[in-house]
$ cat coords29.txt   # compact mmCIF, C-alpha atoms and all ligand atoms
# COMPACT_ATOMS: atom_id res chain seq x y z
CA MET O 28 -23.58 4.20 3.23
CA ALA O 29 -24.62 1.51 0.84
CA THR O 30 -27.42 2.13 -1.61
CA LYS O 31 -30.69 0.40 -1.06
CA ASP O 32 -30.61 -1.49 -4.34
CA GLU O 33 -31.60 -5.07 -3.80
CA LEU O 34 -31.75 -7.94 -6.23
CA VAL O 35 -34.12 -10.61 -5.02
CA TYR O 36 -34.35 -14.17 -6.19
CA ALA O 37 -37.20 -16.06 -4.61
CA GLY O 38 -36.49 -19.77 -5.04
CA GLU O 39 -38.48 -22.70 -3.77
CA LYS O 40 -36.22 -23.36 -0.78
CA GLY O 41 -35.18 -19.85 0.05
CA ARG O 42 -35.32 -16.15 -0.65
CA PHE O 43 -31.95 -14.75 -1.72
CA THR O 44 -31.24 -11.00 -1.51
CA LEU O 45 -28.13 -9.36 -2.96
CA TYR O 46 -27.30 -5.78 -1.92
CA THR O 47 -25.54 -4.29 -4.93
CA GLY O 48 -24.22 -1.39 -2.83
CA LEU O 49 -22.23 -3.88 -0.75
CA CYS O 50 -21.11 -6.49 -3.28
CA LYS O 51 -17.48 -6.02 -4.37
CA GLY O 52 -17.49 -8.86 -6.87
CA CYS O 53 -14.80 -10.91 -5.13
CA GLY O 54 -16.36 -14.24 -6.09
CA LEU O 55 -15.62 -15.98 -2.77
CA CYS O 56 -19.32 -16.92 -2.45
CA ILE O 57 -19.47 -18.49 -5.92
CA GLU O 58 -16.57 -20.82 -5.06
CA LYS O 59 -18.19 -21.96 -1.83
CA CYS O 60 -21.77 -22.51 -2.99
CA PRO O 61 -22.23 -26.28 -2.62
CA THR O 62 -24.66 -26.61 -5.53
CA GLY O 63 -22.89 -24.28 -7.96
CA VAL O 64 -26.05 -22.24 -8.46
CA LEU O 65 -24.41 -18.87 -7.79
CA ASP O 66 -23.34 -17.02 -10.91
CA TRP O 67 -22.37 -13.55 -12.07
CA ASN O 68 -25.10 -11.25 -13.41
CA ASP O 69 -25.21 -7.98 -15.31
CA VAL O 70 -26.22 -5.68 -12.47
CA LEU O 71 -23.06 -4.02 -11.20
CA GLY O 72 -21.88 -3.95 -7.61
CA VAL O 73 -20.34 -1.05 -5.67
CA TYR O 74 -17.02 -1.21 -7.54
CA GLY O 75 -18.56 -1.66 -10.98
CA THR O 76 -18.00 -5.41 -11.05
CA PRO O 77 -20.73 -7.93 -11.85
CA SER O 78 -22.74 -8.97 -8.80
CA VAL O 79 -24.05 -12.46 -8.04
CA LEU O 80 -27.39 -14.29 -8.07
CA PRO O 81 -28.39 -17.96 -7.65
CA VAL O 82 -29.46 -18.42 -11.27
CA ALA O 83 -27.02 -20.89 -12.88
CA LYS O 84 -28.95 -23.09 -15.31
CA GLY O 85 -29.92 -26.53 -14.11
CA LYS O 86 -28.81 -25.81 -10.54
CA VAL O 87 -30.91 -25.21 -7.43
CA CYS O 88 -30.43 -22.94 -4.41
CA THR O 89 -31.04 -24.97 -1.27
CA GLY O 90 -31.15 -21.93 0.99
CA CYS O 91 -28.20 -23.31 2.98
CA GLY O 92 -26.86 -19.83 3.76
CA ILE O 93 -23.17 -20.64 3.22
CA CYS O 94 -22.81 -17.73 0.78
CA GLN O 95 -24.27 -15.34 3.35
CA GLN O 96 -21.88 -16.63 5.99
CA LEU O 97 -18.73 -16.34 3.85
CA CYS O 98 -19.34 -12.97 2.19
CA PRO O 99 -16.76 -10.60 3.76
CA ASP O 100 -19.03 -7.65 2.96
CA CYS O 101 -22.37 -9.02 4.18
CA ALA O 102 -23.85 -8.39 0.73
CA ILE O 103 -26.03 -11.51 0.79
CA LYS O 104 -29.07 -12.37 2.87
CA VAL O 105 -30.67 -15.79 2.62
CA GLU O 106 -34.00 -16.51 4.24
CA ARG O 107 -35.01 -20.13 4.20
CA THR O 108 -38.54 -20.83 3.09
CA ARG O 109 -40.31 -22.70 5.84
CA ALA O 110 -41.02 -26.31 4.96
CA GLY O 111 -44.57 -27.66 4.92
CA MET P 17 -31.59 0.47 6.21
CA GLU P 18 -31.82 -2.76 8.21
CA PHE P 19 -29.13 -5.10 6.85
CA ALA P 20 -30.29 -7.95 9.07
CA GLN P 21 -27.44 -10.09 7.80
CA MET P 22 -24.84 -7.82 9.41
CA PRO P 23 -23.71 -8.15 13.02
CA LYS P 24 -25.62 -5.71 15.22
CA CYS P 25 -22.42 -4.05 16.46
CA TRP P 26 -21.17 -3.25 12.91
CA ARG P 27 -21.42 0.45 12.16
CA LYS P 28 -23.85 0.39 9.24
CA GLN P 29 -23.10 3.94 8.07
CA THR P 30 -19.51 2.98 7.21
CA LYS P 31 -20.43 0.04 5.00
CA PRO P 32 -19.31 -1.03 2.46
CA HIS P 33 -16.14 -1.19 4.55
CA LYS P 34 -12.70 -0.17 3.30
CA PHE P 35 -11.11 -3.58 2.81
CA CYS P 36 -10.39 -4.89 -0.70
CA PRO P 37 -12.79 -7.27 -2.46
CA GLY P 38 -12.42 -10.72 -0.92
CA CYS P 39 -10.17 -9.54 1.94
CA GLY P 40 -10.15 -11.87 4.94
CA HIS P 41 -10.23 -8.96 7.40
CA GLY P 42 -13.95 -8.54 6.60
CA LEU P 43 -14.61 -12.14 7.59
CA VAL P 44 -12.59 -11.97 10.81
CA LEU P 45 -14.41 -8.79 11.84
CA LYS P 46 -17.73 -10.38 10.95
CA ALA P 47 -16.99 -13.42 13.15
CA LEU P 48 -15.82 -11.04 15.90
CA GLY P 49 -18.96 -8.92 15.51
CA MET P 50 -21.16 -11.98 15.85
CA ALA P 51 -19.27 -13.09 18.96
CA ILE P 52 -19.71 -9.61 20.48
CA ASP P 53 -23.43 -9.73 19.67
CA GLU P 54 -23.81 -13.21 21.13
CA LEU P 55 -22.21 -12.15 24.41
CA ASP P 56 -24.16 -8.88 24.36
CA ILE P 57 -21.07 -6.83 25.30
CA GLN P 58 -21.10 -4.09 22.65
CA LYS P 59 -21.37 -1.31 25.25
CA ARG P 60 -18.33 -2.57 27.17
CA VAL P 61 -15.97 -3.22 24.26
CA VAL P 62 -12.96 -1.04 23.39
CA PHE P 63 -11.46 -1.97 20.04
CA GLY P 64 -7.86 -1.20 19.18
CA CYS P 65 -6.48 -1.52 15.66
CA ASP P 66 -2.89 -1.41 14.49
CA ILE P 67 -0.94 0.06 11.60
CA GLY P 68 -1.47 -2.04 8.50
CA CYS P 69 -4.73 -2.94 6.86
CA SER P 70 -6.25 -3.55 10.30
CA LEU P 71 -6.40 0.25 10.70
CA LEU P 72 -9.05 0.31 7.97
CA ALA P 73 -11.30 -0.89 10.80
CA TRP P 74 -11.00 2.38 12.72
CA ASP P 75 -14.69 3.12 12.04
CA PHE P 76 -15.86 -0.45 11.59
CA PHE P 77 -17.78 -1.11 14.82
CA ASP P 78 -20.22 0.93 16.83
CA VAL P 79 -17.84 0.76 19.80
CA ASP P 80 -15.11 3.00 21.20
CA THR P 81 -12.05 2.53 19.00
CA VAL P 82 -8.40 3.54 19.14
CA GLN P 83 -5.70 3.17 16.50
CA THR P 84 -2.04 2.79 17.41
CA HIS P 85 1.38 2.07 15.97
CA HIS P 86 2.65 -1.41 14.97
CA GLY P 87 1.95 -3.96 17.67
CA ARG P 88 1.37 -1.15 20.21
CA THR P 89 -2.30 -1.92 20.09
CA THR P 90 -1.56 -4.60 22.67
CA PRO P 91 -0.03 -2.30 25.36
CA VAL P 92 -2.56 0.48 24.63
CA ILE P 93 -5.45 -1.91 25.18
CA THR P 94 -3.62 -3.30 28.22
CA GLY P 95 -3.44 0.21 29.68
CA ILE P 96 -7.12 0.84 29.08
CA LYS P 97 -7.99 -2.51 30.64
CA ARG P 98 -5.87 -1.82 33.71
CA ALA P 99 -7.45 1.59 34.21
CA ARG P 100 -10.99 0.36 33.53
CA PRO P 101 -11.15 -3.37 34.29
CA GLU P 102 -14.89 -3.47 33.63
CA LEU P 103 -14.26 -2.80 29.93
CA ILE P 104 -13.47 -5.54 27.43
CA GLY P 105 -10.32 -4.73 25.48
CA ILE P 106 -9.66 -6.14 22.03
CA ALA P 107 -6.27 -5.64 20.34
CA TYR P 108 -6.54 -6.30 16.59
CA MET P 109 -3.43 -6.46 14.42
CA GLY P 110 -1.68 -7.94 11.39
CA ASP P 111 1.19 -10.40 11.32
CA GLY P 112 3.75 -7.76 10.38
CA GLY P 113 2.70 -5.58 13.30
CA GLY P 114 2.25 -8.37 15.83
CA TYR P 115 5.10 -10.77 14.96
CA ALA P 116 7.79 -8.43 13.62
CA ILE P 117 7.64 -4.67 14.03
CA GLY P 118 5.90 -4.73 17.43
CA SER P 119 6.39 -8.33 18.53
CA GLN P 120 7.87 -7.39 21.91
CA HIS P 121 4.46 -6.15 23.00
CA LEU P 122 2.73 -9.43 22.24
CA VAL P 123 5.46 -11.41 23.98
CA ASN P 124 5.43 -9.28 27.13
CA ALA P 125 1.66 -8.98 27.43
CA ALA P 126 1.38 -12.74 27.05
CA ALA P 127 4.14 -13.41 29.58
CA ARG P 128 2.53 -11.02 32.10
CA ASN P 129 -0.84 -12.69 31.54
CA GLU P 130 -2.65 -9.43 30.77
CA ARG P 131 -6.43 -9.80 30.80
CA ILE P 132 -7.01 -8.71 27.22
CA THR P 133 -8.01 -10.37 23.94
CA ALA P 134 -5.48 -10.11 21.11
CA ILE P 135 -6.48 -11.08 17.58
CA LEU P 136 -3.82 -11.37 14.91
CA VAL P 137 -4.65 -11.68 11.21
CA ASN P 138 -2.14 -13.88 9.41
CA ASN P 139 -2.20 -13.19 5.66
CA THR P 140 1.44 -14.19 5.05
CA ASN P 141 2.50 -10.69 4.00
CA TYR P 142 2.61 -6.98 4.77
CA GLY P 143 -0.70 -6.17 3.12
CA MET P 144 -1.02 -2.42 3.38
CA THR P 145 2.41 -1.60 2.00
CA GLY P 146 2.11 -3.80 -1.08
CA GLY P 147 2.79 -7.41 -0.14
CA GLN P 148 6.32 -7.59 1.26
CA MET P 149 7.61 -10.71 3.01
CA ALA P 150 6.35 -11.07 6.59
CA PRO P 151 7.38 -13.38 9.45
CA THR P 152 4.50 -15.61 8.33
CA THR P 153 5.43 -15.85 4.63
CA LEU P 154 5.50 -19.57 3.79
CA PRO P 155 8.66 -21.41 2.67
CA ASN P 156 9.12 -20.82 -1.09
CA GLN P 157 6.28 -18.27 -1.20
CA LYS P 158 6.91 -15.40 -3.61
CA THR P 159 6.32 -11.87 -2.34
CA GLU P 160 7.50 -8.42 -3.43
CA THR P 161 10.67 -8.85 -1.34
CA SER P 162 11.14 -12.58 -1.90
CA PRO P 163 10.66 -12.69 -5.67
CA TYR P 164 12.31 -16.12 -5.98
CA GLY P 165 10.36 -17.49 -3.04
CA ARG P 166 11.23 -17.48 0.68
CA ASP P 167 14.46 -19.41 1.07
CA VAL P 168 14.38 -20.70 4.64
CA GLU P 169 18.16 -21.14 4.72
CA GLU P 170 18.61 -17.47 4.06
CA MET P 171 15.45 -15.94 5.52
CA GLY P 172 14.53 -18.36 8.28
CA TYR P 173 11.29 -20.17 8.99
CA PRO P 174 7.83 -18.64 9.36
CA THR P 175 6.75 -17.63 12.88
CA GLN P 176 4.45 -20.02 14.71
CA GLY P 177 2.65 -17.40 16.81
CA PRO P 178 0.02 -19.32 18.79
CA GLU P 179 2.58 -22.06 19.56
CA MET P 180 4.90 -19.41 20.99
CA VAL P 181 2.15 -17.68 22.98
CA ALA P 182 0.93 -21.03 24.33
CA ALA P 183 4.46 -21.80 25.50
CA ILE P 184 5.00 -18.54 27.41
CA THR P 185 1.56 -18.06 29.00
CA ARG P 186 0.33 -19.43 32.29
CA GLU P 187 -2.65 -21.63 32.95
CA GLY P 188 -5.80 -19.60 32.41
CA ALA P 189 -4.66 -18.24 29.08
CA TYR P 190 -6.64 -19.03 25.93
CA VAL P 191 -4.75 -19.63 22.67
CA ALA P 192 -6.13 -20.75 19.32
CA ARG P 193 -5.56 -20.57 15.59
CA GLY P 194 -8.66 -20.22 13.45
CA THR P 195 -9.27 -19.71 9.76
CA VAL P 196 -11.73 -17.63 7.77
CA ALA P 197 -12.52 -20.82 5.85
CA ARG P 198 -14.19 -22.29 8.97
CA PHE P 199 -16.37 -19.42 9.97
CA LYS P 200 -18.44 -20.98 12.77
CA GLN P 201 -15.37 -22.47 14.39
CA LEU P 202 -13.64 -19.08 14.20
CA GLN P 203 -16.65 -17.37 15.76
CA GLY P 204 -16.51 -19.94 18.58
CA TYR P 205 -12.80 -19.33 19.20
CA LEU P 206 -13.30 -15.56 19.29
CA LYS P 207 -16.21 -15.95 21.68
CA LYS P 208 -14.10 -18.10 24.01
CA ALA P 209 -11.25 -15.58 23.80
CA LEU P 210 -13.65 -12.85 24.92
CA GLU P 211 -15.22 -14.99 27.66
CA ASN P 212 -11.75 -15.80 28.96
CA GLN P 213 -11.14 -12.09 29.43
CA ILE P 214 -14.59 -11.51 30.93
CA ASN P 215 -13.90 -14.31 33.45
CA GLY P 216 -10.58 -12.68 34.32
CA SER P 217 -8.74 -15.93 33.57
CA GLY P 218 -5.87 -14.46 31.62
CA PHE P 219 -4.38 -13.50 28.28
CA SER P 220 -6.40 -14.56 25.24
CA PHE P 221 -4.89 -14.88 21.79
CA VAL P 222 -6.38 -15.96 18.47
CA GLU P 223 -4.43 -15.99 15.21
CA VAL P 224 -6.59 -16.21 12.09
CA LEU P 225 -5.52 -17.58 8.69
CA SER P 226 -6.84 -14.98 6.28
CA GLY P 227 -6.74 -14.01 2.62
CA CYS P 228 -5.08 -11.04 0.90
CA PRO P 229 -6.17 -11.56 -2.72
CA THR P 230 -4.88 -8.14 -3.80
CA ASN P 231 -1.24 -8.84 -2.97
CA TRP P 232 -1.40 -12.57 -3.57
CA ARG P 233 -2.84 -11.74 -6.99
CA THR P 234 -5.23 -14.65 -6.64
CA ASN P 235 -8.74 -15.17 -7.97
CA ALA P 236 -11.45 -16.46 -5.63
CA LYS P 237 -10.66 -20.12 -6.24
CA GLU P 238 -6.93 -19.66 -5.68
CA THR P 239 -7.56 -17.54 -2.58
CA TRP P 240 -9.53 -20.31 -0.87
CA GLU P 241 -6.98 -22.91 -1.97
CA PHE P 242 -4.09 -20.94 -0.53
CA ILE P 243 -5.86 -20.46 2.80
CA GLU P 244 -7.20 -23.99 3.09
CA LYS P 245 -4.29 -25.97 1.64
CA ASP P 246 -0.97 -24.10 1.66
CA MET P 247 -1.48 -22.09 4.85
CA ALA P 248 -3.33 -24.74 6.83
CA LYS P 249 -0.58 -27.27 6.04
CA TYR P 250 2.06 -25.15 7.75
CA PHE P 251 -0.14 -23.41 10.35
CA GLN P 252 -2.22 -25.97 12.20
CA VAL P 253 -5.74 -24.83 12.95
CA GLY P 254 -7.13 -25.61 16.41
CA GLU P 255 -7.14 -24.67 20.09
CA LEU P 256 -3.75 -24.80 21.78
CA LYS P 257 -4.57 -23.77 25.30
CA GLY P 258 -7.40 -23.01 27.66
CA SER P 259 -10.20 -25.29 26.56
CA GLY P 260 -9.34 -28.34 28.60
CA GLY P 261 -6.82 -29.73 26.17
CA LYS P 262 -6.15 -29.74 22.47
CA GLU P 263 -8.89 -29.67 19.93
CA GLY P 264 -8.87 -29.83 16.16
C1 LIG Z 1 7.59 2.36 12.01
C2 LIG Z 1 6.92 2.05 10.71
N1 LIG Z 1 7.55 1.25 9.81
C3 LIG Z 1 6.95 0.95 8.67
C4 LIG Z 1 5.71 1.44 8.35
C5 LIG Z 1 5.03 1.09 7.06
N2 LIG Z 1 3.99 0.09 7.22
C6 LIG Z 1 2.69 0.44 7.22
S1 LIG Z 1 1.65 -0.89 7.27
C7 LIG Z 1 2.98 -1.96 7.30
C8 LIG Z 1 2.79 -3.45 7.29
C9 LIG Z 1 1.63 -4.01 8.01
O1 LIG Z 1 1.52 -5.37 7.76
P1 LIG Z 1 0.69 -6.34 8.66
O2 LIG Z 1 0.88 -6.03 10.09
O3 LIG Z 1 0.99 -7.74 8.23
O4 LIG Z 1 -0.84 -5.99 8.34
P2 LIG Z 1 -1.70 -6.17 7.01
O5 LIG Z 1 -1.60 -4.87 6.28
O6 LIG Z 1 -1.16 -7.34 6.25
O7 LIG Z 1 -3.09 -6.43 7.51
C10 LIG Z 1 4.19 -1.26 7.25
C11 LIG Z 1 5.51 -1.92 7.23
C12 LIG Z 1 5.09 2.29 9.28
N3 LIG Z 1 3.87 2.79 9.06
N4 LIG Z 1 5.71 2.60 10.44
S1 LIG Z 2 -18.73 -12.84 -1.51
FE1 LIG Z 2 -20.04 -11.01 -1.25
S2 LIG Z 2 -18.88 -9.33 -2.15
FE2 LIG Z 2 -17.95 -11.22 -2.89
S3 LIG Z 2 -18.99 -11.60 -4.85
FE3 LIG Z 2 -20.12 -12.74 -3.29
S4 LIG Z 2 -21.74 -11.33 -2.64
FE4 LIG Z 2 -20.25 -10.09 -3.75
S1 LIG Z 3 -27.94 -20.34 -0.07
FE1 LIG Z 3 -26.54 -22.08 -0.40
S2 LIG Z 3 -27.27 -23.00 -2.32
FE2 LIG Z 3 -28.19 -20.95 -2.21
S3 LIG Z 3 -26.77 -19.66 -3.34
FE3 LIG Z 3 -26.17 -19.55 -1.19
S4 LIG Z 3 -24.59 -21.12 -0.95
FE4 LIG Z 3 -25.66 -21.54 -2.87
S1 LIG Z 4 -4.21 -5.28 0.79
FE1 LIG Z 4 -4.72 -7.38 1.40
S2 LIG Z 4 -5.06 -7.28 3.65
FE2 LIG Z 4 -5.12 -5.16 2.85
S3 LIG Z 4 -7.31 -4.74 2.50
FE3 LIG Z 4 -6.42 -5.46 0.56
S4 LIG Z 4 -6.76 -7.68 0.54
FE4 LIG Z 4 -7.04 -6.96 2.66
$ encode --input "coords29.txt" --output "structure tokens"
Amino acid sequence: MATKDELVYAGEKGRFTLYTGLCKGCGLCIEKCPTGVLDWNDVLGVYGTPSVLPVAKGKVCTGCGICQQLCPDCAIKVERTRAG
Amino acid sequence: MEFAQMPKCWRKQTKPHKFCPGCGHGLVLKALGMAIDELDIQKRVVFGCDIGCSLLAWDFFDVDTVQTHHGRTTPVITGIKRARPELIGIAYMGDGGGYAIGSQHLVNAAARNERITAILVNNTNYGMTGGQMAPTTLPNQKTETSPYGRDVEEMGYPTQGPEMVAAITREGAYVARGTVARFKQLQGYLKKALENQINGSGFSFVEVLSGCPTNWRTNAKETWEFIEKDMAKYFQVGELKGSGGKEG
């Protein structure tokens, strides 16, 4: 069972949660993020690889949810911030 | 723990699952899980996995599960379906199991129009045993047993599974080829393949183009490129039968 460790990044458009106990560091999400905001970070995932967060400099997370959809391990949850 | 982002029918206690980082099996089983959730059929599903990496899914779902020998997942699920027609039988296998070692089972179940749903993961190699050449290995693709690339003169052409199944099934069958790179489309195909069984229309078959980064020795960028460019060029993605004509 995965650990409960969560990394949260609350952006303007969405709230991004990464479950370190599920992330295997494959990088598939980084390649598919349309804005290029996803990047590696120092907190290690379940296999001791870097995990990911939407923190690349100068880029913005739009809360589109593509990374959540394409993570084979369901390590990402994106909740869109309601507009208005 | 909640894990709201996971399909409801995934067995949470067994996650992280046993597939390699970036393995396409995880995405196929996620799309399948979402289709099962959407149709609200978790209690009626029996899931069969094969020998090969698909067997790593033996504890993947919170549904009754059986694991069989290469390609035999199809007749085992057929037997269960015949004995208990109210259940929804899913036979899940790899390309080595389904198109080579146990291909007779796929061919005969399709020809007999068995009311089951077969899902075959095409990753162009024998994943579990270390990346040997499979029926689906692309022309010129290097594998452990085709180190100079697959020479089609010597080793023949890759199997076109859905095309074959579409040709030998009757009206009422559902046949499609999806890809993990188009997740929503794949989820839709798997849902239709399940509905086709629920309606009793006939055999349902979905092949899925999927990644095996461990044996391909690819990084994330190369993995997507191989699935979306190389594989999709040879294996055309779309519905081949059972949705009122062809669809891209
Ligand atoms: C009769 C028999 N022959 C060979 C094997 C060894 N074997 C185990 S898995 C496998 C290949 C499976 O490949 P595939 O069906 O493509 O699934 P993948 O692992 O790629 O998902 C083989 C040949 C076996 N277990 N039994
Ligand atoms: S796709 Fe999932 S497992 Fe892979 S690096 Fe991204 S979050 Fe981690
Ligand atoms: S939600 Fe969209 S923009 Fe934000 S990190 Fe994920 S893929 Fe990138
Ligand atoms: S060997 Fe390939 S198919 Fe098997 S789990 Fe690893 S990546 Fe997936």
$ atom_distance --input "coords29.txt" --atom1 "atom CA of Gly90 of chain O" --atom2 "atom CA of Phe19 of chain P"
17.9 Å
$ residues_around --input "coords29.txt" --residues "Leu55 of chain O" --least-positions-apart "4" --cutoff "10 Å" --atoms "only C-alpha atoms" --output "list in words"
Lys59, Cys60, Cys94, Leu97, Cys98 and Pro99 of chain O; Pro37, Gly38, Cys39, Asn235, Ala236, Lys237, Glu238, Thr239 and Trp240 of chain P
$ interface_residues --input "coords29.txt" --of "chain O" --to "chain P" --cutoff "7 Å" --atoms "all atoms listed in the file" --output "ChimeraX atom specification"
/O:28-29,49,51-55,58,97,99-101,104
$ atom_distance --input "coords29.txt" --atom1 "atom CA of Cys91 of chain O" --atom2 "atom CA of Glu106 of chain O"
9.0 Å
$ residues_near_ligand --input "coords29.txt" --ligand "ligand LIG 3 (chain Z)" --cutoff "6 Å" --atoms "only C-alpha atoms and all ligand atoms" --output "list in words"
Cys60, Pro61, Thr62, Val64, Leu65, Pro81, Cys88, Thr89, Gly90, Cys91, Gly92, Ile93, Cys94 and Val105 of chain O
$ write_last_selection --input "coords29.txt" --atoms "C-alpha atoms" --output "PDB file, in the frame of the given file"
ATOM      1  CA  CYS O  60     -21.770 -22.510  -2.990  1.00  0.00           C
ATOM      2  CA  PRO O  61     -22.230 -26.280  -2.620  1.00  0.00           C
ATOM      3  CA  THR O  62     -24.660 -26.610  -5.530  1.00  0.00           C
ATOM      4  CA  VAL O  64     -26.050 -22.240  -8.460  1.00  0.00           C
ATOM      5  CA  LEU O  65     -24.410 -18.870  -7.790  1.00  0.00           C
ATOM      6  CA  PRO O  81     -28.390 -17.960  -7.650  1.00  0.00           C
ATOM      7  CA  CYS O  88     -30.430 -22.940  -4.410  1.00  0.00           C
ATOM      8  CA  THR O  89     -31.040 -24.970  -1.270  1.00  0.00           C
ATOM      9  CA  GLY O  90     -31.150 -21.930   0.990  1.00  0.00           C
ATOM     10  CA  CYS O  91     -28.200 -23.310   2.980  1.00  0.00           C
ATOM     11  CA  GLY O  92     -26.860 -19.830   3.760  1.00  0.00           C
ATOM     12  CA  ILE O  93     -23.170 -20.640   3.220  1.00  0.00           C
ATOM     13  CA  CYS O  94     -22.810 -17.730   0.780  1.00  0.00           C
ATOM     14  CA  VAL O 105     -30.670 -15.790   2.620  1.00  0.00           C
TER      15      VAL O 105
END
$ residues_near_ligand --input "coords29.txt" --ligand "ligand LIG 1 (chain Z)" --cutoff "6 Å" --atoms "only C-alpha atoms and all ligand atoms" --output "list in words"
Ile67, Gly68, Cys69, Ser70, Gly110, Asp111, Gly112, Gly113, Asn139, Asn141, Tyr142, Gly143, Met144 and Thr145 of chain P
$ atom_distance --input "coords29.txt" --atom1 "atom CA of Glu241 of chain P" --atom2 "atom CA of Gln96 of chain O"
18.0 Å
$ closest_atom_pairs --input "coords29.txt" --of "segment 25-115 of chain P" --to "segment 206-222 of chain P" --cutoff "10 Å" --atoms "only C-alpha atoms" --output "Markdown table"
| residue | atom | partner | partner_atom | distance |
| --- | --- | --- | --- | --- |
| P:Val44 | CA | P:Leu206 | CA | 9.2 |
| P:Ala47 | CA | P:Leu206 | CA | 7.5 |
| P:Leu48 | CA | P:Leu206 | CA | 6.2 |
| P:Gly49 | CA | P:Leu206 | CA | 9.5 |
| P:Met50 | CA | P:Lys207 | CA | 8.6 |
| P:Ala51 | CA | P:Lys207 | CA | 5.0 |
| P:Ile52 | CA | P:Lys207 | CA | 7.3 |
| P:Asp53 | CA | P:Lys207 | CA | 9.7 |
| P:Glu54 | CA | P:Lys207 | CA | 8.1 |
| P:Leu55 | CA | P:Lys207 | CA | 7.6 |
| P:Ile57 | CA | P:Leu210 | CA | 9.6 |
| P:Val61 | CA | P:Leu210 | CA | 9.9 |
| P:Pro101 | CA | P:Gly216 | CA | 9.3 |
| P:Glu102 | CA | P:Ile214 | CA | 8.5 |
| P:Leu103 | CA | P:Ile214 | CA | 8.8 |
| P:Ile104 | CA | P:Ile214 | CA | 7.0 |
| P:Gly105 | CA | P:Gln213 | CA | 8.4 |
| P:Ile106 | CA | P:Leu210 | CA | 8.3 |
| P:Ala107 | CA | P:Phe221 | CA | 9.5 |
| P:Tyr108 | CA | P:Val222 | CA | 9.8 |
$ axis_aligned_box --input "coords29.txt" --around "ligand LIG 4 (chain Z)" --padding-each-side "6 Å" --output "JSON"
{"center_x": -5.8, "center_y": -6.2, "center_z": 2.1, "size_x": 15.1, "size_y": 14.9, "size_z": 15.1}
$ closest_residue --input "coords29.txt" --among "O:Leu71, O:Arg107, O:Glu39, O:Ala83" --to "Gln95 of chain O" --atoms "only C-alpha atoms"
O:Arg107
